>>> print(open('data-v2.txt').read())   # compact mmCIF, C-alpha atoms
# COMPACT_ATOMS: atom_id res chain seq x y z
CA MET A 1197 -20.53 -43.82 -26.75
CA SER A 1198 -17.65 -45.32 -24.79
CA ASP A 1199 -15.64 -45.75 -28.00
CA LEU A 1200 -16.19 -42.08 -28.84
CA ALA A 1201 -15.05 -41.00 -25.36
CA ALA A 1202 -11.94 -43.12 -25.72
CA THR A 1203 -10.97 -41.34 -28.94
CA LEU A 1204 -11.44 -37.84 -27.53
CA PRO A 1205 -8.37 -35.95 -26.24
CA PRO A 1206 -7.94 -35.96 -22.47
CA GLY A 1207 -9.51 -33.10 -20.53
CA PRO A 1208 -7.60 -30.61 -18.38
CA ALA A 1209 -7.95 -32.68 -15.22
CA ARG A 1210 -6.66 -35.80 -16.99
CA VAL A 1211 -3.73 -33.84 -18.43
CA ARG A 1212 -2.81 -32.46 -15.03
CA ARG A 1213 -2.82 -35.92 -13.51
CA SER A 1214 -0.68 -37.29 -16.29
CA VAL A 1215 2.09 -34.72 -15.81
CA PRO A 1216 4.70 -36.27 -13.51
CA GLY A 1217 5.38 -34.25 -10.37
CA PHE A 1218 2.52 -31.79 -10.98
CA ALA A 1219 1.73 -31.66 -7.26
CA LEU A 1220 5.34 -30.66 -6.53
CA LEU A 1221 5.24 -27.46 -8.60
CA PRO A 1222 4.11 -25.20 -5.70
CA VAL A 1223 6.79 -26.59 -3.38
CA PRO A 1224 9.61 -24.11 -4.23
CA ALA A 1225 7.31 -21.12 -3.72
CA LEU A 1226 5.95 -22.57 -0.46
CA VAL A 1227 9.48 -23.24 0.82
CA LEU A 1228 10.52 -19.70 -0.04
CA VAL A 1229 7.49 -18.24 1.73
CA GLY A 1230 8.11 -20.46 4.73
CA ILE A 1231 11.77 -19.50 5.05
CA GLY A 1232 11.40 -15.84 4.14
CA LEU A 1233 8.14 -15.00 5.89
CA ILE A 1234 6.70 -17.54 8.31
CA LEU A 1235 9.96 -18.38 10.09
CA PRO A 1236 10.97 -14.72 10.67
CA LEU A 1237 7.44 -13.93 11.87
CA GLY A 1238 7.66 -16.78 14.35
CA LEU A 1239 10.98 -15.47 15.66
CA ILE A 1240 9.61 -11.92 15.93
CA ALA A 1241 6.57 -13.22 17.80
CA ARG A 1242 8.84 -14.97 20.29
CA TYR A 1243 11.05 -11.90 20.69
CA SER A 1244 8.00 -9.70 21.34
CA LEU A 1245 7.23 -11.78 24.43
CA ALA A 1246 10.80 -11.76 25.76
CA GLU A 1247 12.20 -9.57 28.50
CA PHE A 1248 14.66 -6.85 27.53
CA ASP A 1249 18.14 -7.00 29.00
CA PRO A 1250 20.54 -4.29 27.71
CA ALA A 1251 23.51 -6.51 28.47
CA ASP A 1252 22.20 -9.58 26.66
CA ILE A 1253 20.12 -9.75 23.45
CA ALA A 1254 19.35 -13.45 23.95
CA LEU A 1255 15.77 -14.53 24.51
CA GLN A 1256 14.84 -14.32 28.17
CA GLY A 1257 11.58 -14.98 29.94
CA LEU A 1258 8.02 -14.80 28.70
CA THR A 1259 6.10 -11.60 29.33
CA ALA A 1260 3.47 -9.32 27.84
CA GLY A 1261 5.29 -6.28 29.19
CA ASN A 1262 6.32 -5.02 25.77
CA TYR A 1263 2.71 -4.80 24.61
CA LEU A 1264 1.63 -3.27 27.93
CA LYS A 1265 4.37 -0.68 27.53
CA PHE A 1266 3.09 0.25 24.08
CA PHE A 1267 -0.61 0.53 24.91
CA GLY A 1268 0.04 2.09 28.31
CA ASP A 1269 2.12 4.98 26.95
CA PRO A 1270 0.21 7.84 25.22
CA PHE A 1271 3.29 8.60 23.11
CA TYR A 1272 3.24 5.23 21.35
CA ARG A 1273 -0.53 5.32 20.91
CA GLU A 1274 -0.12 8.72 19.28
CA VAL A 1275 2.52 7.30 16.94
CA LEU A 1276 0.12 4.53 15.89
CA GLY A 1277 -2.68 7.04 15.36
CA ARG A 1278 -0.42 9.28 13.29
CA THR A 1279 0.65 6.32 11.16
CA LEU A 1280 -2.97 5.35 10.53
CA ALA A 1281 -3.92 8.94 9.68
CA VAL A 1282 -1.05 9.45 7.24
CA ALA A 1283 -1.62 6.08 5.55
CA ALA A 1284 -5.38 6.72 5.26
CA GLY A 1285 -4.86 10.24 3.94
CA SER A 1286 -2.32 9.03 1.39
CA THR A 1287 -4.68 6.24 0.29
CA ALA A 1288 -7.60 8.65 -0.14
CA ALA A 1289 -5.45 11.06 -2.17
CA CYS A 1290 -4.11 8.25 -4.36
CA LEU A 1291 -7.66 7.00 -4.93
CA LEU A 1292 -8.95 10.44 -5.93
CA LEU A 1293 -6.04 11.00 -8.29
CA GLY A 1294 -5.68 7.42 -9.50
CA VAL A 1295 -9.25 6.72 -10.61
CA PRO A 1296 -9.36 9.45 -13.31
CA ALA A 1297 -5.82 8.62 -14.46
CA ALA A 1298 -6.49 4.88 -14.70
CA TYR A 1299 -9.81 5.51 -16.43
CA ALA A 1300 -8.13 7.75 -19.01
CA ILE A 1301 -5.49 5.10 -19.69
CA SER A 1302 -8.06 2.32 -19.94
CA ARG A 1303 -10.30 4.26 -22.32
CA ALA A 1304 -7.52 5.78 -24.46
CA ARG A 1305 -8.58 5.74 -28.12
CA SER A 1306 -5.18 4.92 -29.62
CA ALA A 1307 -2.55 2.38 -28.64
CA ARG A 1308 0.18 5.03 -28.89
CA LEU A 1309 -1.59 7.33 -26.43
CA ARG A 1310 -2.25 4.43 -24.09
CA SER A 1311 1.42 3.42 -24.13
CA ALA A 1312 2.52 7.00 -23.48
CA LEU A 1313 0.17 7.36 -20.52
CA LEU A 1314 1.29 4.03 -19.08
CA LEU A 1315 4.91 5.08 -19.43
CA LEU A 1316 4.20 8.30 -17.54
CA ALA A 1317 2.59 6.26 -14.76
CA ILE A 1318 5.55 3.86 -14.53
CA VAL A 1319 8.37 6.44 -14.68
CA PRO A 1320 8.20 7.30 -10.93
CA LEU A 1321 8.82 3.62 -10.11
CA LEU A 1322 12.22 3.82 -11.80
CA MET A 1323 13.53 5.95 -8.92
CA GLY A 1324 14.07 4.80 -5.35
CA ASN A 1325 12.07 6.18 -2.44
CA ALA A 1326 15.08 8.01 -1.03
CA VAL A 1327 15.72 9.76 -4.36
CA ARG A 1328 12.11 10.87 -4.62
CA ALA A 1329 12.11 12.06 -1.00
CA LEU A 1330 15.26 14.08 -1.74
CA GLY A 1331 13.42 15.73 -4.63
CA TRP A 1332 10.61 16.74 -2.30
CA MET A 1333 13.18 18.16 0.11
CA VAL A 1334 14.46 20.38 -2.70
CA LEU A 1335 10.92 21.52 -3.43
CA LEU A 1336 9.68 22.08 0.13
CA SER A 1337 12.70 23.38 2.05
CA GLU A 1338 12.82 26.97 3.29
CA ARG A 1339 14.95 27.94 0.29
CA GLY A 1340 13.28 25.46 -2.01
CA ILE A 1341 11.43 26.04 -5.24
CA VAL A 1342 8.00 26.34 -3.65
CA ASN A 1343 9.02 28.98 -1.11
CA GLN A 1344 10.99 30.90 -3.72
CA ALA A 1345 7.89 30.97 -5.92
CA LEU A 1346 5.65 32.08 -3.05
CA THR A 1347 7.94 34.91 -1.96
CA GLY A 1348 8.72 35.90 -5.55
CA LEU A 1349 5.04 36.23 -6.40
CA GLY A 1350 4.35 38.17 -3.21
CA LEU A 1351 2.08 35.46 -1.80
CA ALA A 1352 4.23 35.13 1.34
CA ASP A 1353 6.44 37.64 3.16
CA ALA A 1354 8.69 34.90 4.59
CA PRO A 1355 9.38 31.27 3.78
CA VAL A 1356 6.51 28.98 4.78
CA ARG A 1357 7.33 25.96 6.91
CA LEU A 1358 6.59 23.01 4.66
CA MET A 1359 9.36 20.60 5.60
CA TYR A 1360 9.03 18.37 8.65
CA THR A 1361 5.24 18.48 8.59
CA PRO A 1362 2.56 15.84 8.03
CA LEU A 1363 1.75 17.55 4.73
CA ALA A 1364 5.27 16.99 3.41
CA VAL A 1365 5.19 13.31 4.39
CA THR A 1366 1.73 12.82 2.84
CA LEU A 1367 2.73 14.53 -0.42
CA SER A 1368 5.82 12.37 -0.69
CA LEU A 1369 3.87 9.18 0.00
CA VAL A 1370 1.24 10.08 -2.59
CA ALA A 1371 3.97 10.60 -5.18
CA VAL A 1372 5.51 7.24 -4.24
CA LEU A 1373 2.30 5.21 -4.05
CA LEU A 1374 0.19 6.74 -6.82
CA PRO A 1375 1.75 4.56 -9.59
CA PHE A 1376 0.73 1.41 -7.68
CA MET A 1377 -2.84 2.65 -7.50
CA VAL A 1378 -2.95 3.66 -11.17
CA LEU A 1379 -1.52 0.38 -12.45
CA THR A 1380 -3.82 -1.71 -10.26
CA LEU A 1381 -6.93 0.19 -11.28
CA GLN A 1382 -5.99 0.32 -14.96
CA SER A 1383 -5.75 -3.47 -15.19
CA VAL A 1384 -9.19 -3.80 -13.58
CA PHE A 1385 -10.77 -1.06 -15.69
CA ASP A 1386 -9.54 -2.84 -18.83
CA SER A 1387 -11.69 -5.84 -17.92
CA ILE A 1388 -14.88 -3.73 -17.76
CA SER A 1389 -16.42 -3.45 -21.20
CA PRO A 1390 -17.52 0.01 -22.38
CA VAL A 1391 -20.79 -1.67 -23.40
CA TYR A 1392 -22.18 -1.12 -19.90
CA GLU A 1393 -21.57 2.62 -20.06
CA ASP A 1394 -23.03 2.76 -23.56
CA ALA A 1395 -26.14 0.95 -22.35
CA ALA A 1396 -26.54 3.43 -19.50
CA ALA A 1397 -26.15 6.32 -21.95
CA THR A 1398 -28.84 4.91 -24.25
CA MET A 1399 -31.18 4.78 -21.26
CA GLY A 1400 -30.68 8.50 -20.67
CA ALA A 1401 -28.03 8.47 -17.95
CA PRO A 1402 -25.52 11.37 -18.17
CA PRO A 1403 -21.82 10.40 -18.29
CA TRP A 1404 -21.18 11.16 -14.61
CA ALA A 1405 -24.23 9.16 -13.49
CA ALA A 1406 -23.19 6.20 -15.68
CA PHE A 1407 -19.69 6.35 -14.26
CA ARG A 1408 -20.91 6.53 -10.68
CA HIS A 1409 -23.78 4.07 -10.72
CA VAL A 1410 -22.59 1.57 -13.36
CA PHE A 1411 -18.84 1.70 -13.75
CA LEU A 1412 -17.68 2.22 -10.16
CA PRO A 1413 -19.72 -0.66 -8.66
CA LEU A 1414 -18.26 -2.99 -11.30
CA ALA A 1415 -14.77 -1.68 -10.50
CA MET A 1416 -15.17 -2.00 -6.73
CA PRO A 1417 -12.92 -5.10 -6.42
CA GLY A 1418 -10.12 -3.19 -8.14
CA LEU A 1419 -10.71 -0.08 -6.04
CA PHE A 1420 -10.49 -2.19 -2.90
CA SER A 1421 -7.33 -4.00 -4.05
CA GLY A 1422 -5.58 -0.79 -5.07
CA SER A 1423 -6.55 0.98 -1.85
CA LEU A 1424 -5.45 -2.01 0.22
CA LEU A 1425 -2.07 -2.13 -1.49
CA VAL A 1426 -1.48 1.61 -1.07
CA PHE A 1427 -2.65 1.57 2.55
CA ILE A 1428 -0.32 -1.29 3.49
CA LEU A 1429 2.64 0.43 1.83
CA GLY A 1430 1.73 3.69 3.55
CA MET A 1431 1.54 2.01 6.95
CA ASN A 1432 5.04 0.61 6.46
CA ALA A 1433 6.62 3.75 4.94
CA TYR A 1434 10.13 4.50 6.11
CA ALA A 1435 12.09 6.88 3.83
CA SER A 1436 9.45 9.61 3.57
CA PRO A 1437 8.76 9.93 7.32
CA VAL A 1438 12.47 9.94 8.15
CA LEU A 1439 13.63 12.40 5.48
CA LEU A 1440 10.59 14.68 5.27
CA GLY A 1441 9.07 14.27 8.71
CA GLY A 1442 12.20 15.05 10.65
CA PRO A 1443 13.27 13.77 14.07
CA ALA A 1444 10.09 15.00 15.78
CA PHE A 1445 7.73 13.24 13.36
CA HIS A 1446 7.35 9.62 14.43
CA MET A 1447 5.71 6.77 12.54
CA MET A 1448 5.68 3.08 13.28
CA ALA A 1449 8.16 1.71 10.73
CA PRO A 1450 11.00 4.15 11.60
CA MET A 1451 10.34 3.51 15.27
CA VAL A 1452 10.73 -0.24 14.77
CA TYR A 1453 14.10 0.44 13.17
CA GLU A 1454 15.15 2.80 15.97
CA GLN A 1455 14.27 0.32 18.70
CA ALA A 1456 15.97 -2.60 16.94
CA VAL A 1457 19.13 -0.94 15.60
CA GLU A 1458 19.75 2.11 17.77
CA ALA A 1459 18.33 1.07 21.14
CA PHE A 1460 19.03 -2.67 20.60
CA ASN A 1461 15.67 -3.35 22.23
CA TRP A 1462 14.66 -6.28 20.05
CA PRO A 1463 11.72 -7.40 22.23
CA PHE A 1464 10.04 -3.98 22.11
CA ALA A 1465 10.86 -3.56 18.40
CA SER A 1466 9.22 -6.92 17.73
CA ALA A 1467 6.15 -5.87 19.71
CA LEU A 1468 5.94 -2.66 17.66
CA ALA A 1469 6.18 -4.68 14.46
CA PHE A 1470 3.35 -6.98 15.54
CA VAL A 1471 1.14 -4.08 16.60
CA LEU A 1472 1.71 -2.53 13.17
CA MET A 1473 0.83 -5.78 11.40
CA ALA A 1474 -2.21 -6.36 13.62
CA ALA A 1475 -3.57 -2.84 13.04
CA THR A 1476 -3.15 -3.24 9.28
CA LEU A 1477 -4.80 -6.67 9.29
CA VAL A 1478 -7.76 -5.61 11.44
CA LEU A 1479 -8.50 -2.54 9.32
CA THR A 1480 -8.20 -4.62 6.15
CA VAL A 1481 -10.68 -7.23 7.38
CA LEU A 1482 -13.14 -4.62 8.65
CA SER A 1483 -13.07 -2.61 5.43
CA SER A 1484 -13.46 -5.79 3.39
CA ARG A 1485 -16.57 -6.80 5.33
CA VAL A 1486 -18.10 -3.34 5.06
CA LEU A 1487 -17.59 -3.30 1.30
CA GLN A 1488 -18.93 -6.84 0.96
CA LYS A 1489 -22.17 -5.79 2.68
CA ARG A 1490 -22.39 -2.71 0.47
CA TYR A 1491 -21.38 -4.14 -2.92
CA GLY A 1492 -21.45 -7.91 -2.52
CA ARG A 1493 -18.55 -10.27 -3.05
CA LEU A 1494 -15.15 -8.62 -3.71
>>> encode(input="data-v2.txt", output="structure tokens")
Amino acid sequence: MSDLAATLPPGPARVRRSVPGFALLPVPALVLVGIGLILPLGLIARYSLAEFDPADIALQGLTAGNYLKFFGDPFYREVLGRTLAVAAGSTAACLLLGVPAAYAISRARSARLRSALLLLAIVPLLMGNAVRALGWMVLLSERGIVNQALTGLGLADAPVRLMYTPLAVTLSLVAVLLPFMVLTLQSVFDSISPVYEDAAATMGAPPWAAFRHVFLPLAMPGLFSGSLLVFILGMNAYASPVLLGGPAFHMMAPMVYEQAVEAFNWPFASALAFVLMAATLVLTVLSSRVLQKRYGRL
């Protein structure tokens, strides 16, 4: 038996150990993450606890005043609530639109149709956020295509105010983030065999019931991942709120930029950034636990 084992090729673990420097392969990625993410976060954390001096941007003191200023002012709490609402609304819209689109791509009968649908889903990613926001400005402005159509068809006597509203920002974010949802869900739906749906159909389940009670629970990890990705991107949106929300529409990411670049208040800008990250992290953990209790391990 020992002679037979000696003649067999080495297993994966033995091969990994025999490769020189195998343990060093993750080092470049870890160094990059450390320099590009952990170090800046540490500096931002320190700045968020510093005192603000308009005449000197150097670190001074150690105080929680920046966080007290944020949570003690109803204006900033409203900004955080608006950011959460817009990000959640955009995520829900992307989920409602992305599930049917990803399912159609995943279950396409021909490779040519599948490729065409994937291309249509990827095309929006070829344009920058500012370009897409500019397109929505052309559509939603007072003299834009939408208002011209409404007045031309007699559906409105005067141009409807669509620009600089939460609706305009949400529509723009959905257009920006929907491809991420579709591509994430499509890759997960591909891993779910149609055999399960066929089995449900043979047991008398109608297509909608099979989709709801068989397919969706199996796809829940992908639904959670896609929703999480879209929600995080929506929480940190910048171009759409600035261009389509207008100066009176405030969200967290543009406010971080304003405080850091325009007001030169780096300590308060850092506190805003950490509040934004903390809110995103807390909601992510809570939603993950709720879904784990409902559907099991994600």
>>> closest_residue(input="data-v2.txt", among="A:Gly1422, A:Ser1286, A:Leu1321, A:Ala1469", to="Val1378 of chain A", atoms="all atoms listed in the file")
A:Gly1422
>>> residues_near_point(input="data-v2.txt", point="(-11.1, 5.1, -15.5)", cutoff="9 Å", atoms="only C-alpha atoms", output="PyMOL selection string")
chain A and resi 1294-1303+1381-1382+1385-1386+1407+1411-1412
>>> closest_residue(input="data-v2.txt", among="A:Met1359, A:Leu1424, A:Val1410, A:Ala1474", to="Ser1337 of chain A", atoms="all atoms listed in the file")
A:Met1359
>>> residues_near_point(input="data-v2.txt", point="(-8.3, -10.2, -4.5)", cutoff="12 Å", atoms="all atoms listed in the file", output="JSON, numbers by chain")
{"A": [1380, 1384, 1416, 1417, 1418, 1419, 1420, 1421, 1422, 1423, 1424, 1425, 1484, 1493, 1494]}
>>> atom_distance(input="data-v2.txt", atom1="atom CA of Phe1248 of chain A", atom2="atom CA of Pro1463 of chain A")
6.1 Å
>>> decode(input="data-v2.txt", residues="segment 1239-1278 of chain A", atoms="N, CA and C atoms", output="tab-separated table (two decimals), in the first residue's frame")
chain	number	residue	atom	x	y	z
A	1239	LEU	N	-6.09	57.58	8.66
A	1239	LEU	CA	-5.89	59.04	8.67
A	1239	LEU	C	-7.23	59.77	8.78
A	1240	ILE	N	-8.25	59.28	8.08
A	1240	ILE	CA	-9.57	59.91	8.15
A	1240	ILE	C	-10.14	59.78	9.56
A	1241	ALA	N	-9.93	58.61	10.18
A	1241	ALA	CA	-10.42	58.43	11.55
A	1241	ALA	C	-9.76	59.42	12.49
A	1242	ARG	N	-8.47	59.64	12.30
A	1242	ARG	CA	-7.77	60.61	13.16
A	1242	ARG	C	-8.26	62.03	12.89
A	1243	TYR	N	-8.45	62.37	11.63
A	1243	TYR	CA	-8.93	63.71	11.29
A	1243	TYR	C	-10.34	63.95	11.86
A	1244	SER	N	-11.18	62.91	11.88
A	1244	SER	CA	-12.55	63.09	12.37
A	1244	SER	C	-12.60	63.44	13.84
A	1245	LEU	N	-11.54	63.16	14.57
A	1245	LEU	CA	-11.47	63.47	16.00
A	1245	LEU	C	-10.65	64.71	16.29
A	1246	ALA	N	-10.24	65.43	15.25
A	1246	ALA	CA	-9.43	66.63	15.42
A	1246	ALA	C	-10.31	67.87	15.50
A	1247	GLU	N	-9.78	68.91	16.07
A	1247	GLU	CA	-10.47	70.19	16.14
A	1247	GLU	C	-10.23	70.98	14.85
A	1248	PHE	N	-11.25	71.72	14.42
A	1248	PHE	CA	-11.15	72.48	13.19
A	1248	PHE	C	-10.64	73.88	13.47
A	1249	ASP	N	-9.58	74.24	12.75
A	1249	ASP	CA	-9.02	75.59	12.82
A	1249	ASP	C	-8.94	76.12	11.40
A	1250	PRO	N	-9.73	77.14	11.03
A	1250	PRO	CA	-9.71	77.64	9.65
A	1250	PRO	C	-8.35	78.12	9.19
A	1251	ALA	N	-7.51	78.52	10.13
A	1251	ALA	CA	-6.20	79.04	9.75
A	1251	ALA	C	-5.13	77.96	9.66
A	1252	ASP	N	-5.46	76.74	10.06
A	1252	ASP	CA	-4.44	75.69	10.08
A	1252	ASP	C	-5.15	74.35	9.87
A	1253	ILE	N	-4.77	73.62	8.81
A	1253	ILE	CA	-5.39	72.33	8.53
A	1253	ILE	C	-4.65	71.18	9.21
A	1254	ALA	N	-3.64	71.48	10.00
A	1254	ALA	CA	-2.91	70.44	10.70
A	1254	ALA	C	-3.79	69.82	11.79
A	1255	LEU	N	-3.44	68.59	12.16
A	1255	LEU	CA	-4.19	67.91	13.20
A	1255	LEU	C	-4.01	68.62	14.53
A	1256	GLN	N	-5.13	68.90	15.19
A	1256	GLN	CA	-5.07	69.57	16.48
A	1256	GLN	C	-6.09	68.95	17.42
A	1257	GLY	N	-5.65	68.61	18.61
A	1257	GLY	CA	-6.56	68.17	19.65
A	1257	GLY	C	-7.18	66.81	19.38
A	1258	LEU	N	-8.05	66.43	20.29
A	1258	LEU	CA	-8.76	65.17	20.22
A	1258	LEU	C	-10.15	65.39	20.80
A	1259	THR	N	-11.16	65.38	19.94
A	1259	THR	CA	-12.50	65.73	20.38
A	1259	THR	C	-13.54	64.95	19.58
A	1260	ALA	N	-14.70	64.77	20.19
A	1260	ALA	CA	-15.84	64.15	19.51
A	1260	ALA	C	-16.82	65.20	19.00
A	1261	GLY	N	-16.37	66.45	18.97
A	1261	GLY	CA	-17.25	67.55	18.59
A	1261	GLY	C	-17.80	67.45	17.19
A	1262	ASN	N	-17.02	66.87	16.28
A	1262	ASN	CA	-17.50	66.76	14.90
A	1262	ASN	C	-18.70	65.81	14.80
A	1263	TYR	N	-18.65	64.71	15.54
A	1263	TYR	CA	-19.78	63.78	15.54
A	1263	TYR	C	-20.97	64.37	16.29
A	1264	LEU	N	-20.71	65.10	17.38
A	1264	LEU	CA	-21.79	65.74	18.11
A	1264	LEU	C	-22.45	66.81	17.24
A	1265	LYS	N	-21.67	67.50	16.44
A	1265	LYS	CA	-22.22	68.50	15.54
A	1265	LYS	C	-23.15	67.85	14.51
A	1266	PHE	N	-22.75	66.69	14.01
A	1266	PHE	CA	-23.58	66.02	13.01
A	1266	PHE	C	-24.90	65.54	13.61
A	1267	PHE	N	-24.83	64.78	14.69
A	1267	PHE	CA	-26.04	64.20	15.25
A	1267	PHE	C	-26.88	65.21	16.02
A	1268	GLY	N	-26.29	66.34	16.38
A	1268	GLY	CA	-27.05	67.37	17.08
A	1268	GLY	C	-27.75	68.35	16.17
A	1269	ASP	N	-27.48	68.32	14.88
A	1269	ASP	CA	-28.08	69.25	13.93
A	1269	ASP	C	-29.12	68.51	13.09
A	1270	PRO	N	-30.40	68.95	13.13
A	1270	PRO	CA	-31.43	68.26	12.32
A	1270	PRO	C	-31.14	68.29	10.82
A	1271	PHE	N	-30.42	69.30	10.36
A	1271	PHE	CA	-30.12	69.38	8.93
A	1271	PHE	C	-29.28	68.19	8.48
A	1272	TYR	N	-28.24	67.86	9.23
A	1272	TYR	CA	-27.36	66.76	8.83
A	1272	TYR	C	-28.06	65.41	9.00
A	1273	ARG	N	-28.89	65.29	10.02
A	1273	ARG	CA	-29.66	64.05	10.17
A	1273	ARG	C	-30.63	63.88	9.00
A	1274	GLU	N	-31.19	64.98	8.53
A	1274	GLU	CA	-32.07	64.91	7.37
A	1274	GLU	C	-31.31	64.50	6.12
A	1275	VAL	N	-30.09	64.98	5.98
A	1275	VAL	CA	-29.26	64.60	4.83
A	1275	VAL	C	-28.99	63.10	4.86
A	1276	LEU	N	-28.66	62.57	6.03
A	1276	LEU	CA	-28.42	61.13	6.15
A	1276	LEU	C	-29.68	60.34	5.83
A	1277	GLY	N	-30.82	60.79	6.35
A	1277	GLY	CA	-32.07	60.11	6.05
A	1277	GLY	C	-32.41	60.15	4.57
A	1278	ARG	N	-32.17	61.29	3.93
A	1278	ARG	CA	-32.43	61.39	2.49
A	1278	ARG	C	-31.51	60.46	1.70
